[in-house]
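Below is coords_23.cif, which holds mmCIF, C-alpha atoms and all ligand atoms.
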data_model
loop_
_atom_site.label_atom_id
_atom_site.label_comp_id
_atom_site.auth_asym_id
_atom_site.auth_seq_id
_atom_site.Cartn_x
_atom_site.Cartn_y
_atom_site.Cartn_z
CA MET A 1 -14.63 -6.10 7.50
CA ILE A 2 -17.41 -6.64 5.02
CA PHE A 3 -17.77 -5.99 1.37
CA ASN A 4 -20.80 -6.55 -0.74
CA SER A 5 -19.04 -8.46 -3.47
CA LEU A 6 -22.34 -9.13 -5.18
CA TYR A 7 -22.27 -5.52 -6.19
CA GLU A 8 -18.66 -5.77 -7.24
CA ARG A 9 -19.99 -7.24 -10.46
CA MET A 10 -20.49 -4.75 -13.22
CA TYR A 11 -24.11 -4.13 -12.40
CA SER A 12 -25.16 -1.12 -14.37
CA VAL A 13 -27.92 1.42 -14.47
CA PRO A 14 -28.71 4.12 -16.99
CA SER A 15 -26.77 7.29 -16.28
CA SER A 16 -29.98 9.17 -15.45
CA GLN A 17 -30.25 7.04 -12.30
CA HIS A 18 -26.58 7.27 -11.48
CA SER A 19 -25.80 8.67 -8.09
CA ALA A 20 -23.19 6.18 -6.93
CA CYS A 21 -20.23 8.47 -6.71
CA THR A 22 -21.24 11.26 -4.40
CA LYS A 23 -18.21 13.29 -3.47
CA TYR A 24 -17.68 14.07 0.15
CA ARG A 25 -16.53 17.40 1.37
CA GLU A 26 -12.93 16.92 2.31
CA LYS A 27 -12.37 18.49 5.67
CA SER A 28 -9.16 20.22 6.51
CA VAL A 29 -6.53 18.31 8.43
CA LYS A 30 -7.27 20.48 11.47
CA GLU A 31 -10.93 19.41 11.54
CA ILE A 32 -10.39 15.69 11.86
CA GLN A 33 -8.32 13.22 13.76
CA GLN A 34 -6.24 11.23 11.33
CA LEU A 35 -6.04 7.46 10.98
CA PRO A 36 -2.91 6.25 9.18
CA ALA A 37 -3.97 4.40 6.02
CA GLY A 38 -0.45 3.57 4.81
CA SER A 39 1.33 4.40 1.58
CA PHE A 40 -1.12 4.92 -1.24
CA SER A 41 0.77 2.85 -3.82
CA GLU A 42 1.24 -0.03 -1.35
CA TRP A 43 -2.45 0.06 -0.51
CA LEU A 44 -3.44 0.14 -4.18
CA LYS A 45 -1.18 -2.80 -5.01
CA GLU A 46 -2.53 -4.85 -2.10
CA THR A 47 -6.14 -4.01 -2.93
CA ARG A 48 -5.70 -5.10 -6.53
CA ARG A 49 -3.88 -8.25 -5.43
CA ALA A 50 -6.67 -9.13 -2.99
CA GLN A 51 -9.19 -8.78 -5.80
CA LEU A 52 -7.16 -10.89 -8.22
CA GLU A 53 -6.42 -13.62 -5.72
CA ASP A 54 -9.77 -13.50 -3.89
CA VAL A 55 -8.05 -13.17 -0.53
CA GLY A 56 -8.67 -10.99 2.49
CA VAL A 57 -7.04 -7.63 3.16
CA ASP A 58 -5.35 -6.44 6.30
CA VAL A 59 -7.26 -3.33 7.35
CA PRO A 60 -6.10 -1.52 10.51
CA CYS A 61 -9.66 -1.55 11.89
CA GLY A 62 -8.72 -1.52 15.57
CA SER A 63 -11.94 -1.90 17.54
CA CYS A 64 -14.12 -0.52 14.74
CA ASN A 65 -16.98 -2.68 13.48
CA LEU A 66 -19.00 -0.02 11.68
CA CYS A 67 -19.32 -2.04 8.49
CA CYS A 68 -21.01 -4.84 10.48
CA ARG A 69 -23.58 -2.23 11.52
CA SER A 70 -24.19 -0.41 8.26
CA SER A 71 -26.98 -2.29 6.50
CA TYR A 72 -24.86 -4.37 4.15
CA PHE A 73 -26.07 -7.54 2.51
CA ILE A 74 -23.32 -10.12 2.82
CA HIS A 75 -22.74 -12.33 -0.19
CA ILE A 76 -21.64 -15.89 0.57
CA LYS A 77 -20.47 -18.19 -2.19
CA PRO A 78 -21.53 -21.84 -2.42
CA ASP A 79 -17.99 -23.09 -1.78
CA GLU A 80 -17.76 -21.27 1.58
CA ILE A 81 -18.84 -24.45 3.32
CA ASP A 82 -17.32 -23.64 6.73
CA VAL A 83 -18.99 -20.25 6.74
CA LEU A 84 -22.38 -21.59 5.66
CA SER A 85 -22.32 -24.30 8.32
CA ARG A 86 -22.05 -21.61 11.02
CA ILE A 87 -24.90 -19.36 9.89
CA PRO A 88 -28.51 -20.38 10.60
CA GLU A 89 -30.25 -21.19 7.33
CA ASP A 90 -33.15 -18.89 8.03
CA LEU A 91 -30.78 -15.90 7.87
CA LEU A 92 -29.84 -16.67 4.28
CA PHE A 93 -31.68 -16.17 1.02
CA PRO A 94 -30.80 -16.69 -2.65
CA ALA A 95 -28.62 -13.96 -4.13
CA PRO A 96 -30.54 -12.32 -6.97
CA GLY A 97 -28.87 -12.60 -10.38
CA LEU A 98 -26.23 -15.10 -9.26
CA PRO A 99 -26.05 -18.86 -9.88
CA GLU A 100 -27.87 -21.19 -7.52
CA GLY A 101 -26.08 -21.69 -4.19
CA ASN A 102 -24.97 -18.07 -3.88
CA VAL A 103 -26.75 -16.55 -0.91
CA LEU A 104 -27.07 -13.26 0.92
CA MET A 105 -27.28 -12.61 4.64
CA GLY A 106 -29.31 -9.55 5.54
CA TYR A 107 -29.33 -7.28 8.55
CA ASN A 108 -31.68 -6.47 11.41
CA ARG A 109 -33.80 -3.35 11.81
CA HIS A 110 -30.83 -1.51 13.28
CA GLY A 111 -28.72 -2.30 10.21
CA CYS A 112 -26.62 -4.86 12.13
CA CYS A 113 -25.43 -8.18 10.78
CA PRO A 114 -27.21 -10.94 12.75
CA MET A 115 -23.85 -12.62 13.43
CA LEU A 116 -22.69 -9.55 15.38
CA ILE A 117 -23.28 -10.54 18.97
CA ASN A 118 -22.23 -8.39 21.94
CA ASN A 119 -20.57 -6.07 19.46
CA LYS A 120 -18.30 -8.84 18.15
CA CYS A 121 -18.46 -11.08 15.12
CA SER A 122 -19.58 -14.43 16.52
CA ILE A 123 -18.05 -16.31 13.57
CA TYR A 124 -14.94 -14.17 13.18
CA ASP A 125 -12.54 -16.99 12.26
CA TYR A 126 -15.10 -18.26 9.76
CA ARG A 127 -16.51 -14.98 8.52
CA PRO A 128 -17.43 -14.76 4.82
CA LEU A 129 -14.88 -13.71 2.23
CA THR A 130 -17.08 -10.68 1.62
CA CYS A 131 -16.20 -9.54 5.14
CA ARG A 132 -12.52 -10.39 4.78
CA ILE A 133 -12.05 -8.23 1.71
CA TYR A 134 -14.05 -5.22 2.82
CA ASP A 135 -11.87 -2.15 3.23
CA CYS A 136 -13.54 1.21 3.78
CA ARG A 137 -10.32 2.99 2.76
CA ILE A 138 -11.46 2.45 -0.81
CA PHE A 139 -13.99 5.28 -0.39
CA SER A 140 -11.33 7.63 0.94
CA ALA A 141 -9.08 6.71 -1.97
CA ALA A 142 -11.86 7.36 -4.47
CA GLY A 143 -13.07 10.51 -2.68
CA ILE A 144 -16.68 9.38 -2.54
CA LEU A 145 -19.20 8.50 0.14
CA ALA A 146 -19.81 4.86 1.02
CA GLY A 147 -23.54 5.47 0.66
CA GLY A 148 -26.53 7.36 1.96
CA THR A 149 -27.81 7.73 5.50
CA GLU A 150 -27.60 3.98 6.19
CA LYS A 151 -23.83 4.27 5.63
CA ARG A 152 -23.41 7.57 7.47
CA MET A 153 -21.14 6.10 10.17
CA ILE A 154 -18.77 4.74 7.54
CA ASN A 155 -18.92 8.02 5.63
CA ARG A 156 -17.77 9.81 8.76
CA HIS A 157 -15.12 7.23 9.54
CA CYS A 158 -13.64 7.42 6.05
CA GLN A 159 -12.82 11.08 6.46
CA HIS A 160 -10.25 10.10 9.09
CA TRP A 161 -8.13 7.90 6.85
CA GLN A 162 -4.90 9.60 5.83
CA PHE A 163 -2.77 8.01 3.11
CA ASP A 164 0.97 8.63 2.87
CA TYR A 165 2.63 9.71 -0.36
CA PRO A 166 6.31 8.91 0.13
CA GLU A 167 7.07 8.93 -3.60
CA THR A 168 5.79 10.72 -6.70
CA LYS A 169 4.22 7.43 -7.78
CA ASP A 170 1.95 7.49 -4.71
CA ARG A 171 0.59 10.91 -5.63
CA ASP A 172 0.26 10.03 -9.33
CA GLU A 173 -1.63 6.82 -8.63
CA PHE A 174 -3.86 8.57 -6.12
CA GLN A 175 -4.69 11.25 -8.67
CA ALA A 176 -5.29 8.63 -11.36
CA VAL A 177 -7.84 6.85 -9.13
CA ARG A 178 -9.58 10.17 -8.49
CA ASP A 179 -9.50 11.00 -12.21
CA ALA A 180 -11.04 7.62 -13.03
CA VAL A 181 -13.94 8.30 -10.65
CA LYS A 182 -14.34 11.81 -12.04
CA PHE A 183 -14.37 10.54 -15.61
CA VAL A 184 -17.05 7.91 -14.92
CA ASN A 185 -19.13 10.51 -13.09
CA GLU A 186 -18.87 13.14 -15.76
CA HIS A 187 -18.98 11.02 -18.89
CA ALA A 188 -21.53 8.31 -18.23
CA ASP A 189 -23.03 9.15 -21.61
CA CYS A 190 -19.85 7.89 -23.30
CA PHE A 191 -20.35 4.35 -21.98
CA PRO A 192 -22.45 1.85 -23.95
CA ASP A 193 -26.14 2.64 -23.27
CA GLY A 194 -25.01 5.25 -20.74
CA LYS A 195 -24.48 2.51 -18.19
CA VAL A 196 -22.02 3.03 -15.36
CA PRO A 197 -21.42 1.42 -11.95
CA GLN A 198 -24.47 1.43 -9.74
CA THR A 199 -23.08 1.58 -6.22
CA PRO A 200 -20.25 3.51 -4.51
CA SER A 201 -18.39 0.23 -3.99
CA GLN A 202 -18.60 -0.57 -7.68
CA CYS A 203 -17.59 2.93 -8.64
CA ALA A 204 -14.54 2.93 -6.35
CA MET A 205 -13.54 -0.59 -7.35
CA LEU A 206 -13.83 0.24 -11.04
CA ALA A 207 -11.41 3.12 -10.48
CA ILE A 208 -8.99 0.80 -8.67
CA LYS A 209 -9.10 -1.64 -11.58
CA VAL A 210 -8.68 0.86 -14.42
CA TYR A 211 -6.69 3.70 -12.81
CA ASP A 212 -3.68 2.99 -15.02
CA ILE A 213 -5.48 4.43 -18.05
CA PHE A 214 -5.67 7.75 -16.23
CA MET A 215 -1.97 7.80 -15.45
CA HIS A 216 -1.45 8.51 -19.14
CA ALA A 217 -4.72 9.37 -20.86
CA LEU A 218 -5.41 12.75 -19.33
CA LYS A 219 -3.40 15.49 -17.81
CA ARG A 220 -3.99 15.72 -14.09
CA GLY A 221 -7.52 16.83 -13.26
CA GLU A 222 -8.23 17.67 -16.89
CA SER A 223 -11.77 17.35 -18.16
CA VAL A 224 -11.98 16.89 -21.89
CA SER A 225 -14.95 18.06 -23.89
CA ASP A 226 -14.04 16.12 -27.06
CA GLY A 227 -16.80 13.47 -27.32
CA ASP A 228 -14.81 11.08 -29.54
CA PHE A 229 -11.86 11.19 -27.19
CA ASN A 230 -14.08 10.53 -24.18
CA ARG A 231 -15.84 7.64 -25.91
CA ALA A 232 -12.43 6.14 -26.70
CA ILE A 233 -11.43 6.46 -23.05
CA ALA A 234 -14.74 4.90 -21.95
CA LEU A 235 -14.08 1.98 -24.28
CA ARG A 236 -10.64 1.50 -22.77
CA VAL A 237 -12.16 1.60 -19.30
CA MET A 238 -14.60 -1.16 -20.25
CA GLU A 239 -11.86 -3.26 -21.89
CA THR A 240 -9.46 -2.88 -18.99
CA TYR A 241 -12.21 -3.73 -16.53
CA LYS A 242 -13.12 -6.88 -18.49
CA GLN A 243 -9.46 -7.96 -18.63
CA PHE A 244 -9.18 -7.53 -14.86
CA GLU A 245 -12.33 -9.61 -14.34
CA LYS A 246 -10.98 -12.31 -16.66
CA ALA A 247 -7.76 -12.40 -14.66
CA ILE A 248 -9.84 -12.91 -11.49
CA GLU A 249 -11.74 -15.79 -13.12
CA HIS A 250 -8.52 -17.50 -14.20
CA GLY A 251 -7.03 -17.05 -10.73
S1 LIG B 301 -15.71 0.37 8.70
FE1 LIG B 301 -13.61 0.27 7.92
S2 LIG B 301 -12.29 0.45 9.73
FE2 LIG B 301 -14.36 -0.05 10.45
S3 LIG B 301 -14.33 -2.27 10.61
FE3 LIG B 301 -15.11 -1.78 8.58
S4 LIG B 301 -13.31 -1.82 7.24
FE4 LIG B 301 -12.58 -1.72 9.35
S1 LIG B 302 -20.27 -11.98 9.51
FE1 LIG B 302 -19.08 -11.04 11.13
S2 LIG B 302 -17.60 -9.73 10.08
FE2 LIG B 302 -19.23 -10.20 8.63
S3 LIG B 302 -20.68 -8.51 8.82
FE3 LIG B 302 -21.36 -10.15 10.17
S4 LIG B 302 -20.49 -9.65 12.15
FE4 LIG B 302 -19.38 -8.47 10.62
#

Mind converting the file's structure to structure tokens?
Ligand code: SF4
Ligand code: SF4
Amino acid sequence: MIFNSLYERMYSVPSSQHSACTKYREKSVKEIQQLPAGSFSEWLKETRRAQLEDVGVDVPCGSCNLCCRSSYFIHIKPDEIDVLSRIPEDLLFPAPGLPEGNVLMGYNRHGCCPMLINNKCSIYDYRPLTCRIYDCRIFSAAGILAGGTEKRMINRHCQHWQFDYPETKDRDEFQAVRDAVKFVNEHADCFPDGKVPQTPSQCAMLAIKVYDIFMHALKRGESVSDGDFNRAIALRVMETYKQFEKAIEHG
């Protein structure tokens, strides 16, 4: 339900500090109980649309509320008046690096959102957009962990999602998302100043936004050692990402 959209911005750190995209060990189908995640291409299209239109996504969460209990800071924008009016002011603090009025809500010592009461969101109908657009399937799609020990419950949960691949396109797009993550992980040095996404959410979302490049640029799973080629791909990744962000700004 939640998503730290603050970190969706292209925050960057030097590649030497980069540890955002830790791969998880994919268990065999026999080891885990599956949760249907839907067709991959449909999911990808909806995820991109939700980003572009700044709207919520329909995640088949069932009774799960792990993301409300996983030490996320929740970003709330200044125009979320209804949301802000329902959260006690002392739970909010200015969001670092964002214009005045943007705030964050923290979590308690157990990693729980303070608006989670009796295991339910006490402001569900008025929950922040950050919560409405959070979808942990993004980590399964990207093949990375949601985070370290504070996100361990989500990491475990994500291993249960099972996408469908009814058409070749589903498989190709899935592979392109994985290739995008792999490229960013392996070629951080090809990006300006060696800067790449800082968090798993950023890393996965970058792949969702630029996957199309990897439908054509590389052969499946190929890792290219040609530095010039990789720098050219990195440049295209940056350009495509910026275009996507511009499209979000212009609604
Ligand atoms: S962790 Fe995933 S399945 Fe659970 S509530 Fe959050 S988005 Fe839904
Ligand atoms: S506001 Fe509600 S949905 Fe969002 S993290 Fe808190 S309890 Fe969960």

Task: All residues 12 Å or closer to A:Leu52, all atoms listed in the file, same chain fewer than 2 positions away omitted, as an NGL selection string - done: :A and (45-50 or 54-57 or 133 or 208-209 or 243-251)

Output C-alpha atoms of each residue in that selection to a file, as a tab-separated table (two decimals), keeping the file's coordinate frame.
chain	number	residue	atom	x	y	z
A	45	LYS	CA	-1.18	-2.80	-5.01
A	46	GLU	CA	-2.53	-4.85	-2.10
A	47	THR	CA	-6.14	-4.01	-2.93
A	48	ARG	CA	-5.70	-5.10	-6.53
A	49	ARG	CA	-3.88	-8.25	-5.43
A	50	ALA	CA	-6.67	-9.13	-2.99
A	54	ASP	CA	-9.77	-13.50	-3.89
A	55	VAL	CA	-8.05	-13.17	-0.53
A	56	GLY	CA	-8.67	-10.99	2.49
A	57	VAL	CA	-7.04	-7.63	3.16
A	133	ILE	CA	-12.05	-8.23	1.71
A	208	ILE	CA	-8.99	0.80	-8.67
A	209	LYS	CA	-9.10	-1.64	-11.58
A	243	GLN	CA	-9.46	-7.96	-18.63
A	244	PHE	CA	-9.18	-7.53	-14.86
A	245	GLU	CA	-12.33	-9.61	-14.34
A	246	LYS	CA	-10.98	-12.31	-16.66
A	247	ALA	CA	-7.76	-12.40	-14.66
A	248	ILE	CA	-9.84	-12.91	-11.49
A	249	GLU	CA	-11.74	-15.79	-13.12
A	250	HIS	CA	-8.52	-17.50	-14.20
A	251	GLY	CA	-7.03	-17.05	-10.73

TODO: Could I get the residue neighbourhood of ligand LIG 301 (chain B) at 8 Å, counting all atoms listed in the file, as a PyMOL selection string?
DONE: chain A and resi 1-2+59-68+134-137+154+157-158

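Atom pair atom CA of A:Val196 / atom CA of A:Ile138: separated by 18.0 Å.
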
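A distance search around ligand LIG 302 (chain B) (6 Å at most, all atoms listed in the file) returns the following protein and nucleic acid residues: A:Met1, A:Ile2, A:Cys68, A:Cys113, A:Met115, A:Leu116, A:Cys121, A:Ile123, A:Tyr124, A:Arg127, A:Cys131.
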
Open item on the list: Which residues are near stretch 75-81 of chain A? Cut-off 6 Å, all atoms listed in the file, ignore same chain within fewer than 3 positions. Put them as an NGL selection string.
Closed with: :A and (6 or 84 or 101-104)

Task: stretch 69-73 of chain A surroundings by only C-alpha atoms, 6 Å radius, close-in-sequence under 3 positions cut, as an MDAnalysis selection string - done: chainID A and resid 66 105:107 111:112 150:151

- [ ] Please provide the set of residues having any atom within 12 Å of A:Arg178, restricted to all atoms listed in the file, with same-chain residues fewer than 3 positions apart removed, written as a ChimeraX atom specification.
- [x] /A:21,23,138-144,171-175,181-185,203-208,210-215,218,220-222

Serialized selection, C-alpha atoms, as a PDB file, in the coordinates of the input:
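Saved file again-v3.pdb follows:
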ATOM      1  CA  CYS A  21     -20.230   8.470  -6.710  1.00  0.00           C
ATOM      2  CA  LYS A  23     -18.210  13.290  -3.470  1.00  0.00           C
ATOM      3  CA  ILE A 138     -11.460   2.450  -0.810  1.00  0.00           C
ATOM      4  CA  PHE A 139     -13.990   5.280  -0.390  1.00  0.00           C
ATOM      5  CA  SER A 140     -11.330   7.630   0.940  1.00  0.00           C
ATOM      6  CA  ALA A 141      -9.080   6.710  -1.970  1.00  0.00           C
ATOM      7  CA  ALA A 142     -11.860   7.360  -4.470  1.00  0.00           C
ATOM      8  CA  GLY A 143     -13.070  10.510  -2.680  1.00  0.00           C
ATOM      9  CA  ILE A 144     -16.680   9.380  -2.540  1.00  0.00           C
ATOM     10  CA  ARG A 171       0.590  10.910  -5.630  1.00  0.00           C
ATOM     11  CA  ASP A 172       0.260  10.030  -9.330  1.00  0.00           C
ATOM     12  CA  GLU A 173      -1.630   6.820  -8.630  1.00  0.00           C
ATOM     13  CA  PHE A 174      -3.860   8.570  -6.120  1.00  0.00           C
ATOM     14  CA  GLN A 175      -4.690  11.250  -8.670  1.00  0.00           C
ATOM     15  CA  VAL A 181     -13.940   8.300 -10.650  1.00  0.00           C
ATOM     16  CA  LYS A 182     -14.340  11.810 -12.040  1.00  0.00           C
ATOM     17  CA  PHE A 183     -14.370  10.540 -15.610  1.00  0.00           C
ATOM     18  CA  VAL A 184     -17.050   7.910 -14.920  1.00  0.00           C
ATOM     19  CA  ASN A 185     -19.130  10.510 -13.090  1.00  0.00           C
ATOM     20  CA  CYS A 203     -17.590   2.930  -8.640  1.00  0.00           C
ATOM     21  CA  ALA A 204     -14.540   2.930  -6.350  1.00  0.00           C
ATOM     22  CA  MET A 205     -13.540  -0.590  -7.350  1.00  0.00           C
ATOM     23  CA  LEU A 206     -13.830   0.240 -11.040  1.00  0.00           C
ATOM     24  CA  ALA A 207     -11.410   3.120 -10.480  1.00  0.00           C
ATOM     25  CA  ILE A 208      -8.990   0.800  -8.670  1.00  0.00           C
ATOM     26  CA  VAL A 210      -8.680   0.860 -14.420  1.00  0.00           C
ATOM     27  CA  TYR A 211      -6.690   3.700 -12.810  1.00  0.00           C
ATOM     28  CA  ASP A 212      -3.680   2.990 -15.020  1.00  0.00           C
ATOM     29  CA  ILE A 213      -5.480   4.430 -18.050  1.00  0.00           C
ATOM     30  CA  PHE A 214      -5.670   7.750 -16.230  1.00  0.00           C
ATOM     31  CA  MET A 215      -1.970   7.800 -15.450  1.00  0.00           C
ATOM     32  CA  LEU A 218      -5.410  12.750 -19.330  1.00  0.00           C
ATOM     33  CA  ARG A 220      -3.990  15.720 -14.090  1.00  0.00           C
ATOM     34  CA  GLY A 221      -7.520  16.830 -13.260  1.00  0.00           C
ATOM     35  CA  GLU A 222      -8.230  17.670 -16.890  1.00  0.00           C
TER      36      GLU A 222
END

Task: Interatomic distance, atom CA of A:Pro128 to atom CA of A:Ile74 (Å, one decimal) - done: 7.8 Å
